Structure formats: C-alpha cells, structure tokens
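A.B. asks: Data file start_16.csv (CSV, C-alpha atoms) is appended below.
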chain,number,residue,atom,x,y,z
A,1,MET,CA,55.6,-4.7,0.5
A,2,THR,CA,55.6,-4.6,4.3
A,3,THR,CA,52.5,-5.0,6.4
A,4,LYS,CA,52.5,-4.1,10.0
A,5,ILE,CA,49.9,-5.6,12.3
A,6,THR,CA,49.9,-4.0,15.7
A,7,THR,CA,48.0,-5.5,18.7
A,8,ARG,CA,46.5,-3.2,21.2
A,9,SER,CA,46.8,-3.9,24.9
A,10,PRO,CA,43.7,-5.4,26.6
A,11,ALA,CA,43.3,-2.4,28.8
A,12,LEU,CA,43.2,-0.1,25.8
A,13,THR,CA,40.7,-2.4,24.0
A,14,LEU,CA,38.4,-2.4,27.0
A,15,ALA,CA,38.6,1.4,27.3
A,16,LEU,CA,37.8,1.9,23.6
A,17,GLY,CA,35.0,-0.6,23.8
A,18,LEU,CA,33.4,1.1,26.8
A,19,ALA,CA,33.9,4.5,25.2
A,20,SER,CA,32.2,3.4,22.0
A,21,VAL,CA,29.3,1.8,23.9
A,22,LEU,CA,28.8,4.8,26.0
A,23,GLY,CA,29.1,7.0,23.0
A,24,LEU,CA,26.7,5.0,20.9
A,25,SER,CA,24.0,4.4,23.5
A,26,PRO,CA,22.6,7.9,23.3
A,27,LEU,CA,22.3,7.5,19.6
A,28,GLY,CA,20.5,4.2,19.7
A,29,CYS,CA,18.2,4.2,22.6
A,30,ALA,CA,18.6,7.3,24.7
A,31,VAL,CA,15.3,8.9,23.5
A,32,MET,CA,12.2,8.2,25.4
A,33,ALA,CA,11.8,4.5,26.2
A,34,ARG,CA,8.2,3.7,27.0
A,35,ASP,CA,7.1,0.3,28.3
A,36,THR,CA,4.4,-1.3,26.3
A,37,PRO,CA,1.4,-0.1,28.4
A,38,THR,CA,2.7,3.4,28.4
A,39,TYR,CA,3.3,3.3,24.6
A,40,GLU,CA,-0.2,2.0,24.1
A,41,SER,CA,-1.7,4.6,26.4
A,42,ASP,CA,0.2,7.5,24.8
A,43,THR,CA,-0.8,6.3,21.4
A,44,SER,CA,-4.4,6.0,22.5
A,45,ALA,CA,-4.4,9.5,23.8
A,46,LEU,CA,-2.9,10.7,20.5
A,47,LEU,CA,-5.8,9.0,18.6
A,48,ASP,CA,-8.3,10.6,20.9
A,49,THR,CA,-7.2,14.1,19.7
A,50,ARG,CA,-9.1,13.3,16.5
A,51,ALA,CA,-12.2,12.1,18.2
A,52,ASP,CA,-14.3,15.0,16.9
A,53,GLU,CA,-13.2,14.2,13.3
A,54,LEU,CA,-14.1,10.6,13.8
A,55,GLU,CA,-17.5,11.5,15.2
A,56,ALA,CA,-18.1,13.7,12.2
A,57,CYS,CA,-17.2,10.8,9.9
A,58,TYR,CA,-19.7,8.7,11.8
A,59,ALA,CA,-22.4,11.3,11.7
A,60,LYS,CA,-22.0,11.7,8.0
A,61,GLN,CA,-22.3,8.0,7.4
A,62,LEU,CA,-25.4,7.9,9.6
A,63,GLY,CA,-26.9,10.3,7.2
A,64,PHE,CA,-26.7,7.5,4.6
A,65,ASN,CA,-27.6,4.7,6.9
A,66,PRO,CA,-29.2,5.7,10.2
A,67,ALA,CA,-28.8,2.1,11.5
A,68,LEU,CA,-25.0,2.1,10.9
A,69,ALA,CA,-23.1,0.6,13.9
A,70,GLY,CA,-20.2,-1.8,14.2
A,71,LYS,CA,-16.5,-2.1,14.7
A,72,LEU,CA,-13.5,-0.9,12.8
A,73,THR,CA,-10.0,-2.2,13.4
A,74,ILE,CA,-7.2,0.0,12.3
A,75,THR,CA,-3.5,-0.8,12.3
A,76,PHE,CA,-0.4,1.4,12.0
A,77,THR,CA,3.2,1.8,12.9
A,78,VAL,CA,4.5,4.6,15.0
A,79,GLU,CA,7.8,5.5,13.4
A,80,LYS,CA,10.5,5.8,16.0
A,81,LYS,CA,12.5,8.4,14.1
A,82,THR,CA,9.7,10.9,13.7
A,83,GLY,CA,6.8,9.7,15.8
A,84,LYS,CA,4.6,9.7,12.7
A,85,LEU,CA,1.8,7.2,12.2
A,86,THR,CA,2.8,5.2,9.1
A,87,GLN,CA,1.3,2.3,7.2
A,88,LEU,CA,-2.1,3.4,8.5
A,89,THR,CA,-4.8,1.2,7.3
A,90,TRP,CA,-7.9,-0.8,8.3
A,91,ASP,CA,-8.3,-4.5,8.7
A,92,LYS,CA,-11.2,-5.6,6.5
A,93,THR,CA,-11.3,-9.0,8.2
A,94,ARG,CA,-11.9,-7.4,11.6
A,95,THR,CA,-14.3,-4.6,10.5
A,96,SER,CA,-18.0,-4.6,10.3
A,97,VAL,CA,-18.7,-1.0,9.2
A,98,GLY,CA,-18.5,0.0,5.6
A,99,GLU,CA,-15.6,1.3,3.5
A,100,GLY,CA,-16.9,4.8,3.5
A,101,LEU,CA,-16.6,5.1,7.3
A,102,ALA,CA,-13.4,3.2,7.4
A,103,THR,CA,-11.6,5.4,4.8
A,104,CYS,CA,-13.0,8.5,6.4
A,105,VAL,CA,-11.5,7.4,9.8
A,106,VAL,CA,-8.2,6.5,8.3
A,107,SER,CA,-7.9,9.8,6.5
A,108,ALA,CA,-8.9,11.7,9.7
A,109,LEU,CA,-6.1,10.0,11.6
A,110,GLU,CA,-3.4,10.7,9.0
A,111,GLY,CA,-0.8,13.2,10.0
A,112,LEU,CA,-0.8,12.3,13.7
A,113,ARG,CA,2.6,12.3,15.4
A,114,LEU,CA,3.6,10.9,18.7
A,115,ASP,CA,5.6,13.4,20.8
A,116,PRO,CA,8.0,12.8,22.3
A,117,ILE,CA,9.2,10.2,20.0
A,118,ASP,CA,10.2,6.7,21.3
A,119,GLN,CA,13.4,4.8,20.8
A,120,ARG,CA,11.3,1.9,19.3
A,121,ASP,CA,8.7,1.6,16.6
A,122,GLY,CA,5.3,0.9,17.8
A,123,GLN,CA,3.1,-1.6,15.9
A,124,ALA,CA,-0.4,-0.8,17.0
A,125,THR,CA,-3.9,-2.2,16.5
A,126,PHE,CA,-6.9,-0.2,17.8
A,127,ILE,CA,-10.5,-1.1,17.5
A,128,TYR,CA,-13.3,1.5,17.3
A,129,THR,CA,-16.9,0.7,18.2
A,130,PHE,CA,-19.4,3.0,16.5
A,131,ARG,CA,-22.9,3.2,17.9
A,132,ALA,CA,-25.7,5.7,17.8
A,133,SER,CA,-26.3,7.3,21.2
A,134,ALA,CA,-29.5,6.4,22.9
A,135,PRO,CA,-32.2,9.2,22.7
A,136,ALA,CA,-32.3,11.3,25.8
A,137,ALA,CA,-35.0,10.3,28.3
A,138,SER,CA,-37.9,12.7,28.2
B,1,MET,CA,57.2,-10.1,-0.1
B,2,LEU,CA,58.2,-9.4,3.5
B,3,VAL,CA,55.6,-9.6,6.1
B,4,SER,CA,56.7,-8.4,9.5
B,5,VAL,CA,54.4,-8.9,12.5
B,6,GLN,CA,55.1,-6.6,15.3
B,7,ARG,CA,53.6,-7.4,18.6
B,8,GLY,CA,52.9,-4.5,20.9
B,9,LEU,CA,53.0,-4.6,24.6
B,10,ALA,CA,52.4,-8.2,25.5
B,11,MET,CA,52.4,-11.6,24.0
B,12,THR,CA,50.4,-13.1,26.8
B,13,THR,CA,46.6,-13.8,26.6
B,14,PRO,CA,44.8,-10.5,27.5
B,15,THR,CA,43.0,-10.6,30.8
B,16,ILE,CA,40.0,-8.4,31.4
B,17,PRO,CA,38.6,-8.1,34.9
B,18,ARG,CA,35.3,-9.9,35.3
B,19,PRO,CA,33.3,-6.9,36.6
B,20,ALA,CA,34.5,-4.9,33.6
B,21,LYS,CA,33.2,-7.7,31.3
B,22,ALA,CA,29.8,-7.7,33.1
B,23,LEU,CA,29.6,-3.9,32.8
B,24,PHE,CA,30.5,-4.0,29.1
B,25,GLY,CA,27.8,-6.7,28.5
B,26,LEU,CA,25.2,-4.6,30.3
B,27,LEU,CA,26.0,-1.6,28.3
B,28,LEU,CA,25.9,-3.5,25.1
B,29,LEU,CA,22.6,-5.2,25.8
B,30,PRO,CA,20.3,-2.3,24.9
B,31,LEU,CA,22.1,-1.9,21.6
B,32,LEU,CA,21.6,-5.5,20.8
B,33,ILE,CA,18.1,-6.2,21.9
B,34,GLY,CA,16.6,-3.0,23.2
B,35,CYS,CA,15.3,-1.3,20.1
B,36,GLY,CA,12.8,-3.8,18.7
B,37,PRO,CA,9.3,-2.6,18.1
B,38,ARG,CA,6.6,-2.5,20.8
B,39,VAL,CA,3.6,-4.4,19.6
B,40,PHE,CA,0.3,-3.7,21.2
B,41,GLU,CA,-3.4,-4.1,20.6
B,42,ASN,CA,-5.8,-2.2,22.8
B,43,GLU,CA,-8.1,-4.4,24.7
B,44,THR,CA,-10.9,-2.0,25.1
B,45,ALA,CA,-12.5,-0.7,22.0
B,46,LYS,CA,-12.7,3.0,21.6
B,47,LEU,CA,-16.3,4.1,21.5
B,48,ILE,CA,-17.5,6.7,19.0
B,49,GLU,CA,-21.1,7.7,19.6
B,50,SER,CA,-23.1,10.0,17.6
B,51,SER,CA,-23.9,13.0,19.7
B,52,ALA,CA,-26.3,14.5,17.3
B,53,PRO,CA,-29.2,13.0,15.3
B,54,PRO,CA,-28.1,11.8,11.9
B,55,VAL,CA,-27.7,14.5,9.4
B,56,ALA,CA,-30.1,14.0,6.6
B,57,VAL,CA,-28.3,13.5,3.4
B,58,GLU,CA,-29.9,15.0,0.3
B,59,ALA,CA,-31.4,12.4,-1.9
B,60,PRO,CA,-29.6,12.1,-5.1
B,61,LYS,CA,-31.0,14.3,-7.8
B,62,SER,CA,-31.3,11.4,-10.3
B,63,GLN,CA,-31.6,7.7,-9.9
B,64,GLU,CA,-28.3,7.2,-11.8
B,65,PRO,CA,-25.7,5.5,-9.7
B,66,ARG,CA,-22.6,7.4,-8.9
B,67,VAL,CA,-20.4,4.6,-10.0
B,68,GLU,CA,-21.3,2.3,-12.9
B,69,ILE,CA,-19.7,-0.4,-15.1
B,70,THR,CA,-19.9,0.0,-18.8
B,71,ASP,CA,-18.3,-2.3,-21.5
B,72,ASP,CA,-14.8,-0.9,-21.1
B,73,LYS,CA,-14.9,1.6,-18.2
B,74,ILE,CA,-16.0,2.2,-14.7
B,75,ILE,CA,-17.8,5.4,-15.0
B,76,ILE,CA,-17.9,7.9,-12.1
B,77,ARG,CA,-20.4,10.7,-12.1
B,78,GLU,CA,-18.4,12.8,-9.7
B,79,LYS,CA,-14.8,13.9,-10.0
B,80,VAL,CA,-12.0,12.7,-7.8
B,81,GLN,CA,-10.7,15.9,-6.2
B,82,PHE,CA,-7.1,16.7,-5.6
B,83,GLU,CA,-5.2,19.4,-3.8
B,84,PHE,CA,-4.3,22.2,-6.2
B,85,ASN,CA,-1.3,21.2,-8.3
B,86,GLU,CA,-0.6,18.1,-6.2
B,87,ALA,CA,-1.3,14.4,-6.3
B,88,THR,CA,-3.0,14.4,-2.8
B,89,ILE,CA,-6.6,13.2,-2.9
B,90,LYS,CA,-9.0,15.4,-1.0
B,91,PRO,CA,-10.9,13.7,1.8
B,92,GLU,CA,-14.2,14.6,0.2
B,93,SER,CA,-13.4,12.1,-2.5
B,94,ASN,CA,-13.0,9.2,0.0
B,95,ASP,CA,-16.7,8.1,-0.2
B,96,LEU,CA,-16.6,8.1,-4.0
B,97,LEU,CA,-13.4,6.1,-4.1
B,98,ALA,CA,-14.9,3.7,-1.5
B,99,GLU,CA,-17.8,3.2,-3.9
B,100,VAL,CA,-15.4,2.6,-6.8
B,101,ALA,CA,-13.5,0.0,-4.7
B,102,LYS,CA,-16.7,-1.7,-3.7
B,103,VAL,CA,-17.7,-2.0,-7.3
B,104,MET,CA,-14.3,-3.5,-8.1
B,105,ASN,CA,-14.5,-5.9,-5.2
B,106,ASP,CA,-18.1,-6.9,-6.0
B,107,ASN,CA,-17.1,-7.6,-9.6
B,108,PRO,CA,-14.2,-10.0,-9.6
B,109,ARG,CA,-14.8,-10.6,-13.3
B,110,LEU,CA,-13.1,-7.3,-13.9
B,111,LYS,CA,-9.6,-8.6,-14.0
B,112,THR,CA,-7.5,-5.5,-14.7
B,113,ILE,CA,-8.5,-1.9,-14.2
B,114,ARG,CA,-6.3,1.0,-15.1
B,115,VAL,CA,-6.5,4.3,-13.4
B,116,ASP,CA,-6.1,7.0,-16.1
B,117,GLY,CA,-4.9,10.5,-15.1
B,118,HIS,CA,-5.7,13.4,-17.4
B,119,ALA,CA,-4.8,17.1,-17.3
B,120,SER,CA,-5.9,20.3,-18.9
B,121,SER,CA,-3.5,22.2,-21.2
B,122,GLU,CA,-2.5,24.7,-18.6
B,123,GLY,CA,1.2,24.6,-17.9
B,124,GLU,CA,4.0,22.6,-19.5
B,125,ASP,CA,3.2,19.4,-21.3
B,126,ALA,CA,5.9,17.4,-19.5
B,127,TYR,CA,4.7,18.7,-16.1
B,128,ASN,CA,1.1,17.9,-16.9
B,129,MET,CA,2.1,14.4,-18.0
B,130,LYS,CA,4.0,13.8,-14.7
B,131,LEU,CA,1.2,15.3,-12.6
B,132,SER,CA,-1.5,13.2,-14.2
B,133,GLU,CA,0.7,10.1,-13.7
B,134,LYS,CA,1.2,10.9,-10.1
B,135,ARG,CA,-2.5,11.5,-9.6
B,136,ALA,CA,-3.4,8.2,-11.3
B,137,LYS,CA,-0.9,6.4,-9.0
B,138,ALA,CA,-2.3,8.1,-5.9
B,139,VAL,CA,-5.8,6.9,-6.8
B,140,MET,CA,-4.5,3.4,-7.5
B,141,ASP,CA,-2.7,3.3,-4.2
B,142,HIS,CA,-5.8,4.6,-2.4
B,143,LEU,CA,-7.9,1.8,-4.0
B,144,PHE,CA,-5.3,-0.7,-2.9
B,145,LYS,CA,-4.6,0.5,0.6
B,146,GLN,CA,-8.0,1.9,1.7
B,147,GLY,CA,-10.4,0.1,-0.7
B,148,LYS,CA,-8.6,-3.3,-0.4
B,149,VAL,CA,-8.7,-3.9,-4.1
B,150,ALA,CA,-6.1,-6.6,-5.0
B,151,LYS,CA,-3.0,-4.9,-6.3
B,152,GLN,CA,-2.6,-7.2,-9.2
B,153,ARG,CA,-5.9,-6.0,-10.6
B,154,LEU,CA,-4.8,-2.4,-10.7
B,155,ALA,CA,-2.6,-0.4,-13.0
B,156,PHE,CA,-2.2,3.3,-13.7
B,157,GLU,CA,-1.2,5.6,-16.5
B,158,GLY,CA,-0.8,9.4,-17.0
B,159,PHE,CA,-2.0,10.9,-20.2
B,160,GLY,CA,-1.3,14.5,-19.5
B,161,GLU,CA,-3.2,16.8,-21.8
B,162,THR,CA,-3.3,14.4,-24.7
B,163,GLN,CA,-6.9,13.3,-24.5
B,164,PRO,CA,-9.1,16.3,-23.8
B,165,ILE,CA,-12.9,15.8,-23.5
B,166,GLY,CA,-13.6,19.6,-23.3
B,167,SER,CA,-12.2,22.8,-24.8
B,168,ASN,CA,-9.1,24.0,-23.2
B,169,ASP,CA,-10.2,27.6,-24.1
B,170,THR,CA,-12.7,27.7,-21.3
B,171,GLU,CA,-12.5,27.1,-17.6
B,172,SER,CA,-15.3,24.6,-17.6
B,173,GLY,CA,-13.6,22.7,-20.5
B,174,ARG,CA,-10.3,22.7,-18.6
B,175,GLU,CA,-12.0,21.6,-15.5
B,176,ALA,CA,-13.6,18.7,-17.4
B,177,ASN,CA,-10.2,17.8,-18.8
B,178,ARG,CA,-8.6,17.5,-15.4
B,179,ARG,CA,-10.0,14.1,-14.5
B,180,VAL,CA,-9.4,10.5,-13.5
B,181,GLU,CA,-11.0,7.6,-15.3
B,182,PHE,CA,-11.1,3.9,-14.8
B,183,SER,CA,-10.5,1.7,-17.9
B,184,ILE,CA,-11.2,-2.0,-17.8
B,185,LEU,CA,-8.3,-3.6,-19.6
B,186,GLU,CA,-9.2,-7.3,-18.9
B,187,GLN,CA,-12.5,-8.9,-18.0
B,188,ASP,CA,-14.5,-12.1,-18.2
B,189,PHE,CA,-17.7,-11.7,-20.1
B,190,VAL,CA,-20.3,-13.8,-21.9
B,191,GLU,CA,-21.2,-12.9,-25.4
B,192,THR,CA,-24.7,-13.9,-26.5
B,193,LYS,CA,-25.5,-14.2,-30.3
B,194,LYS,CA,-28.9,-14.7,-31.8
B,195,ILE,CA,-28.6,-16.4,-35.1
B,196,VAL,CA,-31.6,-16.7,-37.5
B,197,ASP,CA,-31.5,-19.3,-40.1
B,198,PRO,CA,-32.7,-17.5,-43.3
B,199,ALA,CA,-33.9,-20.7,-44.8
B,200,THR,CA,-36.1,-21.9,-42.0
B,201,GLY,CA,-36.5,-18.7,-40.0
B,202,GLU,CA,-35.5,-20.6,-36.9
B,203,ALA,CA,-33.7,-18.5,-34.3
B,204,LYS,CA,-30.8,-20.0,-32.3
B,205,THR,CA,-29.0,-18.4,-29.4
B,206,GLU,CA,-25.3,-19.0,-29.0
B,207,THR,CA,-23.2,-18.0,-26.0
B,208,ILE,CA,-19.5,-17.6,-25.9
B,209,GLU,CA,-17.6,-17.2,-22.7
B,210,HIS,CA,-14.6,-14.8,-22.9
B,211,LYS,CA,-12.0,-15.0,-20.2
B,212,GLY,CA,-9.8,-12.1,-19.3
B,213,GLU,CA,-10.3,-10.2,-22.6
As structure tokens - that is how I would like this structure written.
C.D. replies:
Amino acid sequence: MTTKITTRSPALTLALGLASVLGLSPLGCAVMARDTPTYESDTSALLDTRADELEACYAKQLGFNPALAGKLTITFTVEKKTGKLTQLTWDKTRTSVGEGLATCVVSALEGLRLDPIDQRDGQATFIYTFRASAPAAS
Amino acid sequence: MLVSVQRGLAMTTPTIPRPAKALFGLLLLPLLIGCGPRVFENETAKLIESSAPPVAVEAPKSQEPRVEITDDKIIIREKVQFEFNEATIKPESNDLLAEVAKVMNDNPRLKTIRVDGHASSEGEDAYNMKLSEKRAKAVMDHLFKQGKVAKQRLAFEGFGETQPIGSNDTESGREANRRVEFSILEQDFVETKKIVDPATGEAKTETIEHKGE
C-alpha cells in the first residue's frame, strides 16, 4: 500500500483560507447585525404590534377583578434563523398579576416574528405594567 | 508496506506576510465570536392601561366552582377547547387552564396528575388515539409552561375513543366524548375512621395518614 502526503505551498494555503473565510462569512453573519440597543428597540416595537390584544386581555381580567394592576415579566428568545419568538413564557417570580392575565398575554404574543432576521439569537426580558387608566376629569 | 512522503514545492518553513495574517484573523473573528446571542432586558416597563371601563363579567349561573378536586380527579365544568382536528389549545381556554394550574399549585398534596385525552368515535381508531394523546400532551405542556406546575407532577395519556361518556350516535354525545380530564394518580390524604365499640358503645376516632397513594 502506498500513501502519498502532499504539502501545499503557504501561498496556496493562505489563498484557500481567505477564500473559505470570505465564502463562509455571508453564511454565518452577513444577515442583519443589530447592536444590543437596536435589537431591543426592534423587538420592543414588534411586541407593541400586539398592544391592542394585550389591552383586551387586561380589560377582560378587569371584568373579574376591577382592582387588578401590577407587573408581568415575560421572557423569550428571538430565533436567529426565522426571527420567531420562541420559548415564550412568563417569570412567576417577577410577576404580580394573576395567571389568567399572564397566559392571555403570552398567548397574544405567540406567532410574532422579527423581520428582518438577525445574525444572532436574542434573549429578551420585557416587563409590562398594567394599570387602570384614571377616570377622565369632568 | 511502503510509505512514500512526497514534499511539494518547498521544504522550508512557510512564511506568510504579517498583514495577510492580520487580515485573515480579522475575517475569522466574526465567525469565532460574532454570532453569540444578544441578551437584553428592557429598563422601562411597557405600560398597558385600560382605555375602557372594565367589562362586567356575567356572574356565574351557579355557585359551583369551575375547577374542583374530588377523590381521584380534578373536575372541570367547562371543556378545554382545541382547534378542529388539531392539538392546538384555543386561547379561550387559557383562563380555565390557569384555574386548573392554580388548583394544582395550591394543592401540593396532589403528587401526580395525569391529563387524559379522549375522542369521539368519528374517524379511525388509531388516528383518534394519536390525536387524544397529542391533545393531552398539549394540555400538560401548557400547565407546565404557562401554569408553572412542576413537570414531575404531570403525566399524560391518550385514550382515543375507548372511554365514551356519551352516545357516539348523537352530536351532543360525540361532543361530550371529545374531552380532557385530569386524574389524580398519587396524593397525600388523611383517612379518618370512627370506630364504635359494640360492647361499651364508646366511639373512637382513628386517623391514618396516606402518603402519595
């Protein structure tokens, strides 16, 4: 059995290395690359598109408990491949409103998708404050 | 065995120009460290205010609670609703499941609760079995993820059309048969026995603690 081991020239190695890096870069990180504040702001704007649904959740729960007010902390991951909000859940330890409102909010936020997608996942925490609006001055 | 090593162009140590090395490193950097997740927590809470006066919710027609614990079940007096032919829970069932979760969380003595999925006889047996299993699992996942019920307390099983509670000949019967139930598999409870001595007529109360039965 004969085995041949061929050594490339350094110039060729460098050329191949550069070519592979240049070739791989678009695959790995060439989609939108937000900095953290931009990522947060874009995600926040995405959540705001469901503000009406969240208000409806709150209004419904106020029907059961007119004094209902408090905070709800939600966490989720923005998936880099699709922009979808995944692992969407609420943090019981940092929430003072009831489960009915929390689950309604989480359900209302399901299906959201960040567009354009980002080259990185986003691990997000958002806090909602629920409060009944003051009655209009007469 | 003959091994022949053939060197190519040079035997000397390869030399790569320093600027080229730097460029290579710069290009490689994003691939190595550039794609980690962005982690953020908003500093200002989002405010949701009610813009309308609270909607009056109709008082329950009876005083019976919607979710109740019996000896071996958690009874729900409303149905868990699913999308047609799917294992997706409809949002209108969120409140009900939140109540079920609350009952479970408020009663840690209920050690293991199984979500049972049942189907009507419409369609193939095997399909119904699978669908009822998927629906039971969807409810279990919901209780775990949204209701924060400890996962080790939950189980699920699909029974398909094997345990009807209504006639499959009528739509109302079939509707009743499509359901989710909650069976208590293990619980702590105290059994109280009152024993009367026939000779003396003296009554004695005995309590036995049962753990995880």
A.B. asks: Select, from B:Lys130, B:Lys148, B:Lys137, B:Lys194, the residue with the minimum atom-to-atom distance to Asn85 in chain B, counting all atoms listed in the file.
C.D. replies: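 Using all atoms listed in the file, Asn85 in chain B sits closest to B:Lys130.
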A.B. asks: In Å, with one decimal, what is the gap from CA of Gln146 in chain B to CA of Gly36 in chain B?
C.D. replies: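 We find that CA of Gln146 in chain B and CA of Gly36 in chain B lie 27.5 Å from each other.
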A.B. asks: Which residues come within 12 Å of range 109-111 of chain A, counting all atoms listed in the file, excluding same-chain residues fewer than 3 positions away, as a PyMOL selection string?
C.D. replies: (chain A and resi 43-44+46-54+57+74-78+82-90+102-106+114+126) or (chain B and resi 91)
A.B. asks: What is the distance, in Å and to one decimal place, between CA of Glu55 in chain A and CA of Thr38 in chain A?
C.D. replies: 25.5 Å
A.B. asks: Name all residues at most 7 Å from range 130-134 of chain A (count all atoms listed in the file; drop same-chain ones fewer than 6 positions away) and give them as a list in words.
C.D. replies: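 In the requested form, the answer reads Ala69, Gly70 and Lys71 of chain A; Leu47, Ile48, Glu49, Ser50 and Ser51 of chain B.
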A.B. asks: Considering all atoms listed in the file, can you say which of B:Leu97, B:Val80, B:Val180, B:Ala87 comes closest to chain A?
C.D. replies: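 Going through B:Leu97, B:Val80, B:Val180, B:Ala87 one by one, the smallest distance to chain A is for B:Leu97.
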A.B. asks: For Thr170 in chain B, please output as a ChimeraX atom specification all residues within 12 Å (counting only C-alpha atoms; exclusion window: fewer than 4 positions along the same chain).
C.D. replies: /B:120-122,166,174-177
A.B. asks: Quick one, how far is CA of Gly122 in chain A from CA of Glu79 in chain A?
C.D. replies: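 Between CA of Gly122 in chain A and CA of Glu79 in chain A the gap is 6.8 Å.
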A.B. asks: Excluding Glu40 in chain A and any residue of its chain fewer than 5 positions from it, enumerate the residues within 10 Å of it, using only C-alpha atoms, and give them as a JSON list (two decimals) with C-alpha atoms, keeping the file's coordinate frame.
C.D. replies:
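Output below, filename selection_19.json:
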[["chain", "number", "residue", "atom", "x", "y", "z"],
["A", 34, "ARG", "CA", 8.20, 3.70, 27.00],
["A", 35, "ASP", "CA", 7.10, 0.30, 28.30],
["A", 45, "ALA", "CA", -4.40, 9.50, 23.80],
["A", 46, "LEU", "CA", -2.90, 10.70, 20.50],
["A", 122, "GLY", "CA", 5.30, 0.90, 17.80],
["A", 123, "GLN", "CA", 3.10, -1.60, 15.90],
["A", 124, "ALA", "CA", -0.40, -0.80, 17.00],
["A", 125, "THR", "CA", -3.90, -2.20, 16.50],
["A", 126, "PHE", "CA", -6.90, -0.20, 17.80],
["B", 38, "ARG", "CA", 6.60, -2.50, 20.80],
["B", 39, "VAL", "CA", 3.60, -4.40, 19.60],
["B", 40, "PHE", "CA", 0.30, -3.70, 21.20],
["B", 41, "GLU", "CA", -3.40, -4.10, 20.60],
["B", 42, "ASN", "CA", -5.80, -2.20, 22.80]]
A.B. asks: Would you pick out the contacts of Leu131 in chain B at 8 Å or less, using only C-alpha atoms, so that residues sharing its chain but fewer than 3 positions from it are not included, and give the list as number ranges by chain?
C.D. replies: B: 85-87, 119, 127-128, 134-135, 158, 160
A.B. asks: Would you please work out which residue, of B:Glu124, B:Glu161, B:Asp188, B:Glu99, is nearest to chain A when using all atoms listed in the file?
C.D. replies: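 The shortest atom-to-atom distance to chain A comes from B:Glu99.
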A.B. asks: Would you please work out which residue, of B:Glu209, B:Glu92, B:Glu157, B:Asp72, is nearest to Ile184 in chain B when using all atoms listed in the file?
C.D. replies: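 Answer, going by the shortest atom-to-atom distance: B:Asp72.
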A.B. asks: Got a sec to write range 108-119 of chain A of the block to a file, N, CA and C atoms, as a short mmCIF file (atom, residue, chain, number, x, y, z; two decimals), in the first residue's frame?
C.D. replies:
data_model
loop_
_atom_site.label_atom_id
_atom_site.label_comp_id
_atom_site.auth_asym_id
_atom_site.auth_seq_id
_atom_site.Cartn_x
_atom_site.Cartn_y
_atom_site.Cartn_z
N ALA A 108 -51.20 35.95 23.39
CA ALA A 108 -51.38 37.04 22.43
C ALA A 108 -50.07 37.36 21.71
N LEU A 109 -48.95 37.08 22.36
CA LEU A 109 -47.66 37.41 21.74
C LEU A 109 -47.12 36.27 20.87
N GLU A 110 -47.75 35.13 20.96
CA GLU A 110 -47.28 33.99 20.18
C GLU A 110 -47.43 34.27 18.69
N GLY A 111 -46.50 33.78 17.94
CA GLY A 111 -46.58 33.93 16.48
C GLY A 111 -45.86 35.16 15.95
N LEU A 112 -45.36 35.99 16.84
CA LEU A 112 -44.64 37.18 16.36
C LEU A 112 -43.30 36.76 15.75
N ARG A 113 -42.86 37.58 14.80
CA ARG A 113 -41.62 37.25 14.08
C ARG A 113 -40.86 38.53 13.77
N LEU A 114 -39.62 38.57 14.15
CA LEU A 114 -38.78 39.75 13.89
C LEU A 114 -38.35 39.75 12.42
N ASP A 115 -38.55 40.88 11.78
CA ASP A 115 -38.22 40.99 10.36
C ASP A 115 -37.54 42.34 10.11
N PRO A 116 -36.36 42.39 9.55
CA PRO A 116 -35.56 41.25 9.09
C PRO A 116 -34.96 40.48 10.26
N ILE A 117 -34.59 39.26 9.96
CA ILE A 117 -33.97 38.43 11.00
C ILE A 117 -32.60 38.99 11.34
N ASP A 118 -32.04 38.52 12.42
CA ASP A 118 -30.72 38.97 12.85
C ASP A 118 -29.75 37.80 12.78
N GLN A 119 -28.47 38.14 12.75
CA GLN A 119 -27.48 37.07 12.69
C GLN A 119 -27.33 36.36 14.04
#
